[in-house]
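Q: One structure follows; several queries about it will come next.
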Protein chains: 2
Amino acid sequence: MKLAVSGKGGVGKTTIAAALVKSFARTHRLVYAIDGDPDACLAAAIGIPEEVAARLKPVAEMKELIRARSGSGPIYRLNPRVDDVVENYAHRLGNIRFLRLGEVKKGDSECYCRENTFLRALVSSLLLERGEVVIMDMGAGIEHLARGTAGGVDLMLVVVEPTRNSINTARHIWKMAEDLGIKKIRSIGNKIRSEKERKFIAGSFRNGELAGFVGYDESIWESAMMEEMTPQAGGRLQSEVEMLKKKILFL
Amino acid sequence: MKLAVSGKGGVGKTTIAAALVKSFARTHRLVYAIDGDPDACLAAAIGIPEEVAARLKPVAEMKELIRARSGSGPIYRLNPRVDDVVENYAHRLGNIRFLRLGEVKKGDSECYCRENTFLRALVSSLLLERGEVVIMDMGAGIEHLARGTAGGVDLMLVVVEPTRNSINTARHIWKMAEDLGIKKIRSIGNKIRSEKERKFIAGSFRNGELAGFVGYDESIWESAMMEEMTPQAGGRLQSEVEMLKKKILFL
């Protein structure tokens, strides 16, 4: 099962992705949790303590590894060896293997195509060569998916909240995902506080495009100032995502 | 006055940027509103109707213009002519000139350094060659700023909400902005609902790092499902941003 989770910033993409990681970790032997959004924090959301998470080096910054595998001259390899990267560099948390892809710099005049290519090769290897569960938290840009490897994604979940902006972004993501050849895409309506909000989202998608809804969970906002989530926080969301997961497995 | 507004997705960056654009448009001759975040929608927030906004072509997708200015062969110009782009391609709304930079594709094997370079040249021209007010809504990646042009930003505002994640992202943005040579950076605490939340943000920054606070405005959330904001919506936020603006002008 290879899941990609996308959506506009702030809709609760990472919270949903983390709930799915925790849920699959209870029922499957091994779960790869991949943080592919530089503007996200999947590590904390799955329960890696903040000081540990802060020390984890993102793949994009593993300069020596990338030079060693991609070549260090002006020419670089388009198919660097990456099959051992997860085993050797992922952080272990029970049966979860966590890896942050990190940010490929764009702010100066250097070309970072080498780093981008390395990350795409890694994502490709995760999607196409592994039998385990892979859950990838992506930005709205879904930039690490390339044509050809996107076919390895079994399901892309696009999270929306009851705002027009998040739905417009979702439309854009659907289009990009379809162009890339992702076979199955569904939206999830998050932060629902009323029937009006649920209807607004339901009315924004066609029949079959919505995988389901998750209610607004005040306890998540309440605990968002704390260093670690209290065990109760997000409990309602977690159980709603468990239900969603069952639906997802039968899609 | 050249302002850049940044922050984690979902913190209300675009709402704050739009309130600043509207405020400066009342007091200054000309305001350039630049949407530099592919995951944002500054156009709608400043009042451009959705169907008009949908037809505005982002600069990154002006293929012919970019090829004409940057060259179309395997070699491209590092300093394409961009000084007329704003005049000829910006959308006019009263004395506001709106331009969406758009998304530089990264999903396939082609190199888009040409497009990136063109966008950076345009941002540089906006920041360094214009006397008017420029307000740029940026993603958390601040990817369109390059060393050298970043010096043209008079003030970078990093919006946070009362969550640890948004503050961690802000720290990261502060560091990048300092590395790029931005002289003045301040944070703004947004969506404040209680004294506890205000204190949490105040305690997360050092003296002088915070420009101020903006309260949670339920009317913005309420109107986020509508096609156009009602005139009353966001009124409280707008007046709070007016106050902030006065502080900003004296920084």
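Simple scheme: letters A, B, ... for chains in structure tokens order, numbers from 1 for residues in each chain, numbers from 1 for ligands in the order shown.
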Near Met136 of chain B, counting only C-alpha atoms, which residues have an atom at most 9 Å away, once you skip same-chain residues fewer than 2 positions from it, shown as a PyMOL selection string?
A: chain B and resi 2-6+17+32-37+134+138
Q: Next, write the just-selected residues to a file, as a JSON list (two decimals), in the first residue's frame, keeping all heavy atoms as the atom set.
A:
[["chain", "number", "residue", "atom", "x", "y", "z"],
["B", 2, "LYS", "N", 9.42, 47.98, 0.59],
["B", 2, "LYS", "CA", 9.37, 46.64, 0.01],
["B", 2, "LYS", "C", 9.15, 45.64, 1.13],
["B", 2, "LYS", "O", 10.04, 45.43, 1.96],
["B", 2, "LYS", "CB", 10.67, 46.31, -0.73],
["B", 2, "LYS", "CG", 11.17, 47.41, -1.67],
["B", 2, "LYS", "CD", 10.27, 47.52, -2.90],
["B", 2, "LYS", "CE", 10.43, 48.85, -3.60],
["B", 2, "LYS", "NZ", 11.77, 49.17, -4.06],
["B", 3, "LEU", "N", 7.98, 45.04, 1.14],
["B", 3, "LEU", "CA", 7.62, 44.10, 2.20],
["B", 3, "LEU", "C", 7.52, 42.68, 1.67],
["B", 3, "LEU", "O", 6.88, 42.46, 0.64],
["B", 3, "LEU", "CB", 6.24, 44.45, 2.76],
["B", 3, "LEU", "CG", 6.11, 45.58, 3.75],
["B", 3, "LEU", "CD1", 4.62, 45.79, 4.07],
["B", 3, "LEU", "CD2", 6.85, 45.22, 5.03],
["B", 4, "ALA", "N", 8.09, 41.74, 2.38],
["B", 4, "ALA", "CA", 7.87, 40.33, 2.05],
["B", 4, "ALA", "C", 7.13, 39.71, 3.22],
["B", 4, "ALA", "O", 7.45, 39.99, 4.37],
["B", 4, "ALA", "CB", 9.21, 39.63, 1.81],
["B", 5, "VAL", "N", 6.12, 38.90, 2.93],
["B", 5, "VAL", "CA", 5.35, 38.24, 3.99],
["B", 5, "VAL", "C", 5.53, 36.74, 3.83],
["B", 5, "VAL", "O", 5.32, 36.20, 2.74],
["B", 5, "VAL", "CB", 3.86, 38.62, 3.91],
["B", 5, "VAL", "CG1", 3.10, 38.05, 5.09],
["B", 5, "VAL", "CG2", 3.69, 40.14, 3.87],
["B", 6, "SER", "N", 5.96, 36.08, 4.89],
["B", 6, "SER", "CA", 6.22, 34.65, 4.80],
["B", 6, "SER", "C", 5.60, 33.95, 6.02],
["B", 6, "SER", "O", 5.01, 34.60, 6.88],
["B", 6, "SER", "CB", 7.73, 34.42, 4.71],
["B", 6, "SER", "OG", 8.02, 33.05, 4.61],
["B", 17, "ALA", "N", -1.11, 39.67, 4.23],
["B", 17, "ALA", "CA", -0.52, 40.36, 3.07],
["B", 17, "ALA", "C", -1.58, 41.17, 2.34],
["B", 17, "ALA", "O", -1.35, 42.34, 1.97],
["B", 17, "ALA", "CB", 0.15, 39.35, 2.13],
["B", 32, "TYR", "N", 2.41, 47.39, -5.72],
["B", 32, "TYR", "CA", 2.60, 46.13, -6.44],
["B", 32, "TYR", "C", 2.32, 44.99, -5.49],
["B", 32, "TYR", "O", 2.96, 44.88, -4.44],
["B", 32, "TYR", "CB", 4.02, 46.03, -6.99],
["B", 32, "TYR", "CG", 4.25, 47.01, -8.09],
["B", 32, "TYR", "CD1", 4.86, 48.25, -7.84],
["B", 32, "TYR", "CD2", 3.84, 46.72, -9.38],
["B", 32, "TYR", "CE1", 5.04, 49.17, -8.86],
["B", 32, "TYR", "CE2", 4.02, 47.64, -10.41],
["B", 32, "TYR", "CZ", 4.61, 48.85, -10.14],
["B", 32, "TYR", "OH", 4.78, 49.75, -11.14],
["B", 33, "ALA", "N", 1.35, 44.16, -5.82],
["B", 33, "ALA", "CA", 1.02, 42.99, -5.00],
["B", 33, "ALA", "C", 1.50, 41.76, -5.74],
["B", 33, "ALA", "O", 0.99, 41.44, -6.81],
["B", 33, "ALA", "CB", -0.49, 42.93, -4.77],
["B", 34, "ILE", "N", 2.49, 41.10, -5.20],
["B", 34, "ILE", "CA", 3.11, 39.99, -5.91],
["B", 34, "ILE", "C", 2.82, 38.69, -5.19],
["B", 34, "ILE", "O", 3.19, 38.52, -4.03],
["B", 34, "ILE", "CB", 4.65, 40.18, -5.99],
["B", 34, "ILE", "CG1", 4.99, 41.61, -6.47],
["B", 34, "ILE", "CG2", 5.28, 39.12, -6.87],
["B", 34, "ILE", "CD1", 4.55, 41.93, -7.87],
["B", 35, "ASP", "N", 2.16, 37.77, -5.87],
["B", 35, "ASP", "CA", 1.88, 36.47, -5.27],
["B", 35, "ASP", "C", 3.02, 35.52, -5.63],
["B", 35, "ASP", "O", 3.12, 35.05, -6.75],
["B", 35, "ASP", "CB", 0.55, 35.92, -5.81],
["B", 35, "ASP", "CG", 0.10, 34.69, -5.04],
["B", 35, "ASP", "OD1", 0.92, 34.16, -4.25],
["B", 35, "ASP", "OD2", -1.04, 34.26, -5.22],
["B", 36, "GLY", "N", 3.88, 35.28, -4.68],
["B", 36, "GLY", "CA", 5.06, 34.46, -4.93],
["B", 36, "GLY", "C", 4.95, 33.08, -4.31],
["B", 36, "GLY", "O", 5.92, 32.35, -4.22],
["B", 37, "ASP", "N", 3.73, 32.71, -3.88],
["B", 37, "ASP", "CA", 3.53, 31.41, -3.23],
["B", 37, "ASP", "C", 2.54, 30.59, -4.05],
["B", 37, "ASP", "O", 1.37, 30.93, -4.12],
["B", 37, "ASP", "CB", 2.98, 31.63, -1.82],
["B", 37, "ASP", "CG", 2.76, 30.32, -1.08],
["B", 37, "ASP", "OD1", 3.07, 29.25, -1.64],
["B", 37, "ASP", "OD2", 2.28, 30.37, 0.06],
["B", 134, "VAL", "N", 5.98, 47.65, -2.73],
["B", 134, "VAL", "CA", 5.89, 46.29, -3.25],
["B", 134, "VAL", "C", 5.62, 45.36, -2.07],
["B", 134, "VAL", "O", 6.35, 45.38, -1.08],
["B", 134, "VAL", "CB", 7.21, 45.85, -3.94],
["B", 134, "VAL", "CG1", 7.09, 44.40, -4.43],
["B", 134, "VAL", "CG2", 7.54, 46.77, -5.11],
["B", 138, "MET", "N", 4.99, 35.33, 0.09],
["B", 138, "MET", "CA", 5.91, 34.24, -0.25],
["B", 138, "MET", "C", 5.55, 32.97, 0.49],
["B", 138, "MET", "O", 4.96, 33.02, 1.56],
["B", 138, "MET", "CB", 7.32, 34.63, 0.14],
["B", 138, "MET", "CG", 7.70, 36.02, -0.28],
["B", 138, "MET", "SD", 9.47, 36.21, -0.18],
["B", 138, "MET", "CE", 9.93, 35.47, -1.73]]
Q: Skipping near chain neighbours, those fewer than 5 positions away, what residues fall within 9 Å of segment 208-215 of chain B using only C-alpha atoms, listed as a PyMOL selection string?
A: chain B and resi 16+157+185-194+198+201-202+236-237+240-241+244+247-248+251
Q: Using backbone DSSP assignments, extract all strand (DSSP E) residues from segment 31-231 of chain A; output them as a ChimeraX atom specification.
A: /A:31-36,91-93,96-100,133-138,155-160,185-192,210-215
Q: For chain B, work out the contacting residues on chain A at 9 Å, counting only C-alpha atoms, and write them as number ranges by chain.
A: A: 8-11, 38-41, 44, 78, 103, 105-109, 111, 113, 116-117, 120, 139-147, 162-165, 169, 180, 197, 200, 221-227
Q: Can you work out which one of A:Arg29, A:Lys22, A:His91, A:Lys183 has the shortest atom-to-atom distance to Val52 of chain A, counting only C-alpha atoms?
A: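 Closest candidate: A:His91.
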Q: State, in Å with one decimal place, the distance from atom CA of Leu30 of chain A to atom CA of Arg81 of chain A.
A: 22.2 Å
Q: Which residues are close to Gly94 of chain B, i.e. within 9 Å by only C-alpha atoms, leaving aside same-chain residues fewer than 2 positions away? Reply as a CSV table (one decimal) with C-alpha atoms, in the first residue's frame.
A:
chain,number,residue,atom,x,y,z
B,25,ALA,CA,-3.4,51.2,-1.6
B,30,LEU,CA,0.9,52.6,-6.5
B,92,ARG,CA,-4.7,46.4,-12.7
B,96,ILE,CA,-2.9,48.0,-7.3
B,97,ARG,CA,-0.8,46.1,-9.8
Q: Just the helix (DSSP H, G or I) stuff from segment 3-203 of chain B, please, per backbone DSSP, written as a PyMOL selection string.
A: chain B and resi 13-27+42-46+50-55+59-61+63-70+85-89+113-128+150-152+164-180+195-202
Q: Separation of atom CA of Glu218 of chain B and atom CA of Leu56 of chain B, in Å?
A: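 Rounded to one decimal, the two atoms are 29.7 Å apart.
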Q: So how far away is atom CA of Leu42 of chain B from atom CA of Asn88 of chain B, in Å?
A: 19.6 Å
Q: Considering only C-alpha atoms, return as a list in words whatever protein or nucleic-acid residues lie within 6 Å of Pro58 of chain A, sequence-local ones (same chain, fewer than 6 positions apart) excluded.
A: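 Near Pro58 of chain A, the qualifying residues are Arg100, Leu101 and Gly102 of chain A.
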Q: Based on the selection just made, write all heavy atoms of those residues as a tab-separated table (two decimals), in the first residue's frame.
A:
chain	number	residue	atom	x	y	z
A	100	ARG	N	13.01	12.15	6.35
A	100	ARG	CA	12.59	13.46	5.87
A	100	ARG	C	13.36	13.76	4.59
A	100	ARG	O	14.60	13.69	4.58
A	100	ARG	CB	12.91	14.52	6.94
A	100	ARG	CG	12.40	15.90	6.61
A	100	ARG	CD	12.04	16.68	7.88
A	100	ARG	NE	13.21	17.02	8.65
A	100	ARG	CZ	13.85	18.20	8.55
A	100	ARG	NH1	13.41	19.12	7.71
A	100	ARG	NH2	14.90	18.45	9.28
A	101	LEU	N	12.67	14.07	3.52
A	101	LEU	CA	13.35	14.34	2.26
A	101	LEU	C	14.07	15.68	2.32
A	101	LEU	O	15.17	15.81	1.82
A	101	LEU	CB	12.37	14.31	1.09
A	101	LEU	CG	11.67	12.97	0.86
A	101	LEU	CD1	10.78	13.04	-0.37
A	101	LEU	CD2	12.67	11.82	0.71
A	102	GLY	N	13.44	16.66	2.93
A	102	GLY	CA	14.10	17.95	3.09
A	102	GLY	C	13.97	18.83	1.87
A	102	GLY	O	13.37	18.47	0.86
